[in-house]
Amino acid sequence: MKQLANPSVLVDLKGALSQVLLGKEETVRLTLVCLIARGHLLIEDVPGVGKTTLAEALARLVDGSFRRLQCTSDLLPGDITGVSIYRPQHQDFDFRPGPVFANFLLADEINRATPKTQSALLEAMSEGQVSMDGQTMPLPDPFMVIATQNPTEQQGTYALPESQLDRFLMRIEIGYPSPDQERAILRGESRKPQSLTSMLSSVELVALQQEVERVHVDADLETYLLNLVERTRHQDGVTLGVSPRGGQALYRAAQASALLDGRDFLVPDDIKKLAVPVFSHRLRLSAQASFGQRQAESARRIIEQILTAVDVPV
């Protein structure tokens with residue numbers, strides 16, 4: 001396999017995002033992997049660590065439409081997909097598209113929306129379209145949902161169901177900055193999303209996403225990935241393992257990771273490094289396995305056990 005030149009625009013994007021989110025290179029990398037893998041991103045962390053800032057910065061760096069949706073308990077499905085308004089003078093209905101008709105949709109605090117409202121995103125995230133009044137309307141290409149939620153605040157929230165979680169390619173956390181990084185933030189040394197300008201057109205992004213699909217995956221690595229998926233379905237402490245969609249998600253994310261590193265072929269580390277962010281939100285754990293820990297922490301521990309147990313191809 002030949003060594004690809006790392007697309008300079010991805011290097012520039014990574015550098016710009018790192019100036020916004022100081023000291024979080026791995027978080028920035030995972031975000032870019034999700035972007036070029038045609039995935040949707042769930043950012044789960046405590047308030048004030050930069051979840052919304054990261055989402056806004058990414059949307060500004062790509063030339064495309066951006067809409068922000070602040071989720072609340074009184075939000076209705078039509079507030080996301082749009083509504084048909086009757087026009088008596090014409091005796092017909094006029095469809096007013098909702099914020100989902102954008103290249104980037106930021107659903108802030110998504111778990112504050114009711115399950116009925118959350119479900120309005122299912123078709124959009126899976127099929128890139130919205131069905132309403134007997135018509136199917138395509139969404140812009142590219143289309144990416146970036147959702148945030150606070151894992152510690154439970155009052156007035158609705159947990160995302162497995163079907164909704166499965167639509168997100170990754171769930172990532174940001175974490176607190178180091179003391180030096182926090183000092184730099186206090187001094188205002190981090191860039192604001194509003195100061196960013198577009199570095200990548202929508203056409204260029206689609207071309208990169210198509211390039212991801214051409215990254216070669218050896219048969220031994222496909223078997224390794226499938227063994228990881230299968231192991232999640234029989235692992236102690238797991239009551240619901242990874243679905244076929246989850247396996248496809250890891251496959252595509254690993255291809256995107258290889259492209260980000262300038263390769264047109266996969267290596268085992270591409271799969272191993274992404275197993276936690278791609279699989280952790282897809283596992284349903286027993287009460288005993290998650291006792292005394294957050295679900296994300298318990299899932300990480302179990303996935304790391306699986307990675308240790310499954311043989312890596314040489």
# chains A, B, ... in the order shown; residues from 1 in each chain; ligands from 1
$ closest_atom_pairs --of "segment 88-165 of chain A" --to "segment 62-74 of chain A" --cutoff "8 Å" --atoms "only C-alpha atoms" --output "tab-separated table"
residue	atom	partner	partner_atom	distance
A:Pro99	CA	A:Arg67	CA	5.7
A:Val100	CA	A:Arg67	CA	7.6
A:Ala102	CA	A:Ser65	CA	5.2
A:Asn103	CA	A:Ser65	CA	5.1
A:Phe104	CA	A:Phe66	CA	4.8
A:Leu105	CA	A:Arg67	CA	5.1
A:Leu106	CA	A:Arg68	CA	4.7
A:Ala107	CA	A:Leu69	CA	4.9
A:Asp108	CA	A:Gln70	CA	5.0
A:Glu109	CA	A:Cys71	CA	5.7
A:Ile110	CA	A:Cys71	CA	5.5
A:Asn111	CA	A:Cys71	CA	7.6
A:Arg112	CA	A:Thr72	CA	5.1
A:Ala113	CA	A:Ser73	CA	4.8
A:Thr114	CA	A:Ser73	CA	5.8
A:Gly156	CA	A:Ser73	CA	7.4
A:Thr157	CA	A:Ser73	CA	7.9
$ residues_around --residues "segment 219-234 of chain A" --least-positions-apart "4" --cutoff "12 Å" --atoms "only C-alpha atoms" --output "PDB file with C-alpha atoms, in the first residue's frame"
ATOM      1  CA  VAL A 238     -23.103  -6.831  29.268  1.00  0.00           C
ATOM      2  CA  THR A 239     -26.816  -7.403  28.694  1.00  0.00           C
ATOM      3  CA  LEU A 240     -26.899  -5.871  25.184  1.00  0.00           C
ATOM      4  CA  GLY A 241     -23.838  -5.996  22.952  1.00  0.00           C
ATOM      5  CA  VAL A 242     -22.832  -4.018  19.892  1.00  0.00           C
ATOM      6  CA  SER A 243     -25.216  -4.167  16.923  1.00  0.00           C
ATOM      7  CA  PRO A 244     -24.182  -4.655  13.278  1.00  0.00           C
ATOM      8  CA  ARG A 245     -24.568  -0.891  12.888  1.00  0.00           C
ATOM      9  CA  GLY A 246     -21.986  -0.490  15.647  1.00  0.00           C
ATOM     10  CA  GLY A 247     -19.571  -2.745  13.772  1.00  0.00           C
ATOM     11  CA  GLN A 248     -20.067  -0.687  10.624  1.00  0.00           C
ATOM     12  CA  ALA A 249     -19.449   2.466  12.650  1.00  0.00           C
ATOM     13  CA  LEU A 250     -16.090   1.228  13.950  1.00  0.00           C
ATOM     14  CA  TYR A 251     -15.106   0.070  10.446  1.00  0.00           C
ATOM     15  CA  ARG A 252     -15.846   3.491   8.948  1.00  0.00           C
ATOM     16  CA  ALA A 253     -14.280   5.413  11.830  1.00  0.00           C
ATOM     17  CA  ALA A 254     -11.080   3.338  11.570  1.00  0.00           C
ATOM     18  CA  GLN A 255     -10.895   4.123   7.848  1.00  0.00           C
ATOM     19  CA  PHE A 265      -4.761   1.224   4.615  1.00  0.00           C
ATOM     20  CA  LEU A 266      -5.728   0.187   8.134  1.00  0.00           C
ATOM     21  CA  VAL A 267      -3.490  -0.970  10.966  1.00  0.00           C
ATOM     22  CA  PRO A 268      -4.733  -2.646  14.197  1.00  0.00           C
ATOM     23  CA  ASP A 269      -4.294   0.548  16.239  1.00  0.00           C
ATOM     24  CA  ASP A 270      -6.866   2.318  14.072  1.00  0.00           C
ATOM     25  CA  ILE A 271      -9.442  -0.115  15.432  1.00  0.00           C
ATOM     26  CA  LYS A 272      -8.147  -0.393  18.993  1.00  0.00           C
ATOM     27  CA  LEU A 274     -11.545   3.918  18.471  1.00  0.00           C
ATOM     28  CA  ALA A 275     -13.238   0.962  20.157  1.00  0.00           C
ATOM     29  CA  VAL A 276     -14.106   2.897  23.318  1.00  0.00           C
ATOM     30  CA  VAL A 278     -17.521   3.999  19.138  1.00  0.00           C
ATOM     31  CA  PHE A 279     -18.699   1.106  21.336  1.00  0.00           C
ATOM     32  CA  SER A 280     -19.135   2.523  24.853  1.00  0.00           C
ATOM     33  CA  ARG A 282     -23.833   1.056  22.481  1.00  0.00           C
ATOM     34  CA  LEU A 283     -23.454  -1.331  25.416  1.00  0.00           C
ATOM     35  CA  ARG A 284     -26.207  -1.947  27.929  1.00  0.00           C
ATOM     36  CA  LEU A 285     -24.661  -3.077  31.192  1.00  0.00           C
ATOM     37  CA  ALA A 299     -18.327   0.591  29.567  1.00  0.00           C
ATOM     38  CA  ARG A 300     -14.759   1.797  29.059  1.00  0.00           C
ATOM     39  CA  ILE A 302     -15.325  -3.603  29.876  1.00  0.00           C
ATOM     40  CA  ILE A 303     -14.211  -2.619  26.370  1.00  0.00           C
ATOM     41  CA  GLU A 304     -10.597  -2.428  27.532  1.00  0.00           C
ATOM     42  CA  GLN A 305     -10.975  -5.967  28.928  1.00  0.00           C
ATOM     43  CA  ILE A 306     -12.299  -7.129  25.551  1.00  0.00           C
ATOM     44  CA  LEU A 307      -9.405  -5.481  23.708  1.00  0.00           C
ATOM     45  CA  THR A 308      -6.980  -7.345  25.966  1.00  0.00           C
ATOM     46  CA  ALA A 309      -8.744 -10.683  25.479  1.00  0.00           C
ATOM     47  CA  VAL A 310      -9.104 -10.661  21.678  1.00  0.00           C
ATOM     48  CA  ASP A 311      -5.974 -11.571  19.689  1.00  0.00           C
ATOM     49  CA  VAL A 312      -4.586  -8.855  17.460  1.00  0.00           C
ATOM     50  CA  PRO A 313      -3.566  -9.878  13.929  1.00  0.00           C
ATOM     51  CA  VAL A 314       0.118  -9.578  13.133  1.00  0.00           C
TER      52      VAL A 314
END
$ closest_atom_pairs --of "segment 166-203 of chain A" --to "segment 124-145 of chain A" --cutoff "9 Å" --atoms "only C-alpha atoms" --output "JSON lines"
{"residue": "A:Arg167", "atom": "CA", "partner": "A:Met125", "partner_atom": "CA", "distance": 6.3}
{"residue": "A:Phe168", "atom": "CA", "partner": "A:Met125", "partner_atom": "CA", "distance": 8.1}
{"residue": "A:Ser202", "atom": "CA", "partner": "A:Pro142", "partner_atom": "CA", "distance": 6.7}
{"residue": "A:Val203", "atom": "CA", "partner": "A:Pro142", "partner_atom": "CA", "distance": 8.5}
$ select_by_dssp --residues "segment 54-237 of chain A" --states "helix (DSSP H, G or I)" --output "MDAnalysis selection string"
chainID A and resid 54:61 78:81 110:112 115:127 162:165 179:186 193:195 202:212 219:232
$ select_by_dssp --residues "segment 57-105 of chain A" --states "strand (DSSP E)" --output "list in words"
Val62, Asp63, Phe66, Arg67, Arg68, Leu69, Gln70, Gly82, Val83, Ser84, Ile85, Tyr86, Arg87, Asp92, Phe93, Asp94, Phe95, Arg96, Pro97, Phe104 and Leu105 of chain A
$ residues_around --residues "Glu182 of chain A" --least-positions-apart "3" --cutoff "12 Å" --atoms "only C-alpha atoms" --output "list in words"
Leu21, Leu22, Gly23, Lys24, Gly48, Val49, Gly50, Gly175, Tyr176, Pro177, Ser178, Pro179, Ile185, Leu186, Arg187, Gly188, Glu189 and Ser190 of chain A
$ write_last_selection --atoms "C-alpha atoms" --output "PDB file, in the first residue's frame"
ATOM      1  CA  LEU A  21      -9.959  23.717  22.875  1.00  0.00           C
ATOM      2  CA  LEU A  22      -6.551  24.026  24.509  1.00  0.00           C
ATOM      3  CA  GLY A  23      -4.702  20.845  25.393  1.00  0.00           C
ATOM      4  CA  LYS A  24      -7.371  18.478  24.062  1.00  0.00           C
ATOM      5  CA  GLY A  48     -18.351  24.483  31.261  1.00  0.00           C
ATOM      6  CA  VAL A  49     -15.640  22.303  29.688  1.00  0.00           C
ATOM      7  CA  GLY A  50     -16.223  23.404  26.090  1.00  0.00           C
ATOM      8  CA  GLY A 175     -12.588  16.535  30.657  1.00  0.00           C
ATOM      9  CA  TYR A 176     -11.076  19.304  32.724  1.00  0.00           C
ATOM     10  CA  PRO A 177      -7.986  21.116  31.442  1.00  0.00           C
ATOM     11  CA  SER A 178      -4.606  20.845  33.100  1.00  0.00           C
ATOM     12  CA  PRO A 179      -3.588  23.683  35.484  1.00  0.00           C
ATOM     13  CA  ILE A 185      -7.989  29.941  29.356  1.00  0.00           C
ATOM     14  CA  LEU A 186      -8.262  32.440  32.222  1.00  0.00           C
ATOM     15  CA  ARG A 187      -5.914  34.770  30.359  1.00  0.00           C
ATOM     16  CA  GLY A 188      -8.046  34.543  27.229  1.00  0.00           C
ATOM     17  CA  GLU A 189      -5.397  32.781  25.167  1.00  0.00           C
ATOM     18  CA  SER A 190      -7.858  30.357  23.594  1.00  0.00           C
TER      19      SER A 190
END
$ residues_around --residues "Gln164 of chain A" --least-positions-apart "5" --cutoff "9 Å" --atoms "only C-alpha atoms" --output "list in words"
Gln118, Ser119, Leu121 and Leu122 of chain A
$ closest_residue --among "A:Thr152, A:Ser257, A:Gln89, A:Thr117" --to "Glu26 of chain A" --atoms "only C-alpha atoms"
A:Ser257
$ atom_distance --atom1 "atom CA of Leu54 of chain A" --atom2 "atom CA of Ala184 of chain A"
17.0 Å
$ closest_residue --among "A:Leu30, A:Ala37, A:Met199, A:Ile85" --to "Arg214 of chain A" --atoms "only C-alpha atoms"
A:Ala37
$ residues_around --residues "Leu17 of chain A" --least-positions-apart "2" --cutoff "9 Å" --atoms "only C-alpha atoms" --output "number ranges by chain"
A: 12-15, 19-22, 25, 28, 54, 57-58, 61, 191, 193
$ write_last_selection --atoms "C-alpha atoms" --output "PDB file, in the first residue's frame"
ATOM      1  CA  ASP A  12      -5.122  23.102   9.389  1.00  0.00           C
ATOM      2  CA  LEU A  13      -8.496  22.089  10.827  1.00  0.00           C
ATOM      3  CA  LYS A  14      -6.825  20.217  13.658  1.00  0.00           C
ATOM      4  CA  GLY A  15      -4.613  23.174  14.454  1.00  0.00           C
ATOM      5  CA  GLN A  19      -6.487  26.700  19.518  1.00  0.00           C
ATOM      6  CA  VAL A  20     -10.127  26.773  20.609  1.00  0.00           C
ATOM      7  CA  LEU A  21      -9.959  23.717  22.875  1.00  0.00           C
ATOM      8  CA  LEU A  22      -6.551  24.026  24.509  1.00  0.00           C
ATOM      9  CA  GLU A  25      -5.624  17.055  21.005  1.00  0.00           C
ATOM     10  CA  VAL A  28     -10.033  17.279  18.510  1.00  0.00           C
ATOM     11  CA  LEU A  54     -16.188  22.670  20.178  1.00  0.00           C
ATOM     12  CA  ALA A  57     -15.962  25.895  16.171  1.00  0.00           C
ATOM     13  CA  LEU A  58     -16.221  22.813  13.961  1.00  0.00           C
ATOM     14  CA  LEU A  61     -14.468  25.848  10.045  1.00  0.00           C
ATOM     15  CA  ARG A 191      -9.575  31.422  20.367  1.00  0.00           C
ATOM     16  CA  PRO A 193     -15.400  30.192  17.689  1.00  0.00           C
TER      17      PRO A 193
END
$ atom_distance --atom1 "atom CA of Arg96 of chain A" --atom2 "atom CA of Arg60 of chain A"
24.5 Å
$ closest_residue --among "A:Gln91, A:Asp218, A:Pro115, A:Cys34" --to "Leu260 of chain A" --atoms "only C-alpha atoms"
A:Cys34
